[in-house]
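Report on the following structure.
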Amino acid sequence: MPNIKIFSGSSHPDLSQKIADRLGLELGKVVTKKFSNQETCVEIGESVRGEDVYIVQSGCGEINDNLMELLIMINACKIASASRVTAVIPCFPYARQDKKDKVGSRAPISAKLVANMLSVSGADHIITMDLHASQIQGFFDIPVDNLYAEPAVLKWIKENIAEWKNCIIVSPDAGGAKRVTSIADRLNVDFALIHKERKKANEVDRMVLVGDVTDRVAILVDDMADTCGTVCHAADKLISAGATKVYAILTHGIFSGPAISRINNACFEAVVVTNTIPQEEKMKHCSKIQVIDISMILAEAIRRTHNGESVSYLFSHVPL
């Protein structure tokens, strides 16, 4: 493909390499380093004049450093006369801070701030995956392509769960009901949801199951799991309600704090995540974690964007 350059930030070089390989391209030369006072310094090592530039950086690991690095890379390409700069952000940072909560009206809406920062740095287009709230697209005045892991998830379920025709898709909270009903419809199975009450962030207080899971394989589906309190509580709830097996399928496996030990102690057959966030380290400590590769979805979105084609095909198909 002519006039296209792909650069990788330091958050997830493995995913960037997979995307580049899929497109038959070399990753662009870029050097990222830190000065002794911890300021980030980025040097783009090749000409981007008139090029269609894609910068791959996920919101994981040292989130603030990686976000700053992305902003600096976008700006460096923009002022070096790139014709268009697209930020490919598989896991969007600060996506959970998307509204003022009921309790304190002084809470920030940090997802909007991140959107403003990306726009001001010079991004012309954003490609991301499974935003925590799809309204975040409206925080931008530039085009945002919010891709879905759903087609890859459906493929995984059909290939890896023998009893999938007798399964029930469960949302661990009311907010994920739309995602779960969509998957249940596509598989032609039932769905259930768990209503949870939180006293404070990252701590679940009480759970109520709505739906019948007796003698069925339950598949918990959510967009992300952080400390895994919710999904592990939900799994216990499902087993006590008569489910025969419990799987969890999560787009973004953040797995911070006690997450890994909670998963190891919970009754999951498998916890399936995509590689929007690197999982190699976590898989060493937890044999239940399995990974769905979504590099081909992002690569195809880049190819279609570059060629001026529609990406909506990817909402319901996994590229071969």
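By order of appearance in the structure tokens: chains A, B, ..., then residues from 1 within every chain, and ligands from 1 in the order shown.
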Which residues come within 7 Å of Ala95 (chain A), counting only C-alpha atoms, excluding same-chain residues fewer than 5 positions away, as number ranges by chain? A: 111, 131-132
Do you know which residues are at most 10 Å from Gly45 (chain A) counting only C-alpha atoms, after dropping those on the same chain fewer than 6 positions away, and could you put them as a list in words? Gly28, Lys29, Val30 and Val31 of chain A
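When CA of Met68 (chain A) is paired with CA of Val311 (chain A), their separation reads 27.9 Å.
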Find the spatial neighbours of Pro90 (chain A), counting only C-alpha atoms, within a cut-off of 8 Å - ignore same-chain residues fewer than 3 positions away - and output them as a VMD selection string. chain A and resid 56 to 59 127 to 129 276 to 277
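Distance annotation: of A:Val208, A:Ala184, A:Ala133, A:Ile302, the residue with the minimal separation from Glu150 (chain A) is A:Ala184; atom set is only C-alpha atoms.
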Check the smallest atom-to-atom distance from each of A:Glu159, A:Phe139, A:Pro319, A:Ser312 to Ala299 (chain A) using only C-alpha atoms, then report the winner.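 Ranking A:Glu159, A:Phe139, A:Pro319, A:Ser312 by distance to Ala299 (chain A), first place goes to A:Pro319.
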Name the residues of region 121-312 of chain A that fall into strand (DSSP E) according to DSSP on the backbone, using the chain letters and numbers of this document, as a count of residues only. 62
Report as a PyMOL selection string all protein, DNA and RNA residues lying within 10 Å of Tyr54 (chain A), evaluated on only C-alpha atoms, omitting residues in the same chain fewer than 4 positions from it. chain A and resi 4-8+28+74+77+84-88+123+125-127+302+306
Selected residue of minimal separation from Asp215 (chain A) among A:Arg303, A:Lys245, A:His195, A:Lys99, counting only C-alpha atoms: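 For Asp215 (chain A), the nearest of the candidates is A:Lys245.
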Just asking: which residues within region 174-243 of chain A are alpha helix (DSSP H) according to DSSP, as a list in words? Ala177, Lys178, Arg179, Val180, Thr181, Ser182, Ile183, Ala184, Asp185, Arg186, Leu187, Gly229, Thr230, Val231, Cys232, His233, Ala234, Ala235, Asp236, Lys237, Leu238, Ile239 and Ser240 of chain A
I'd like a table as CSV: residues in region 104-185 of chain A with an atom no more than 9 Å from region 221-236 of chain A, each row giving the shortest atom pair and its distance in Å to one decimal, only C-alpha atoms counted, sorted by chain and rising residue number.
```
residue,atom,partner,partner_atom,distance
A:Asp130,CA,A:Asp223,CA,6.4
A:Leu131,CA,A:Asp223,CA,7.7
A:His132,CA,A:Asp223,CA,6.5
A:Ile169,CA,A:Val221,CA,7.0
A:Val170,CA,A:Val221,CA,6.2
A:Ser171,CA,A:Val221,CA,5.6
A:Pro172,CA,A:Ala234,CA,6.1
A:Asp173,CA,A:Thr230,CA,8.4
A:Gly176,CA,A:Asp222,CA,6.4
A:Arg179,CA,A:Asp222,CA,7.7
A:Val180,CA,A:Val221,CA,6.5
A:Ile183,CA,A:Val221,CA,9.0
```
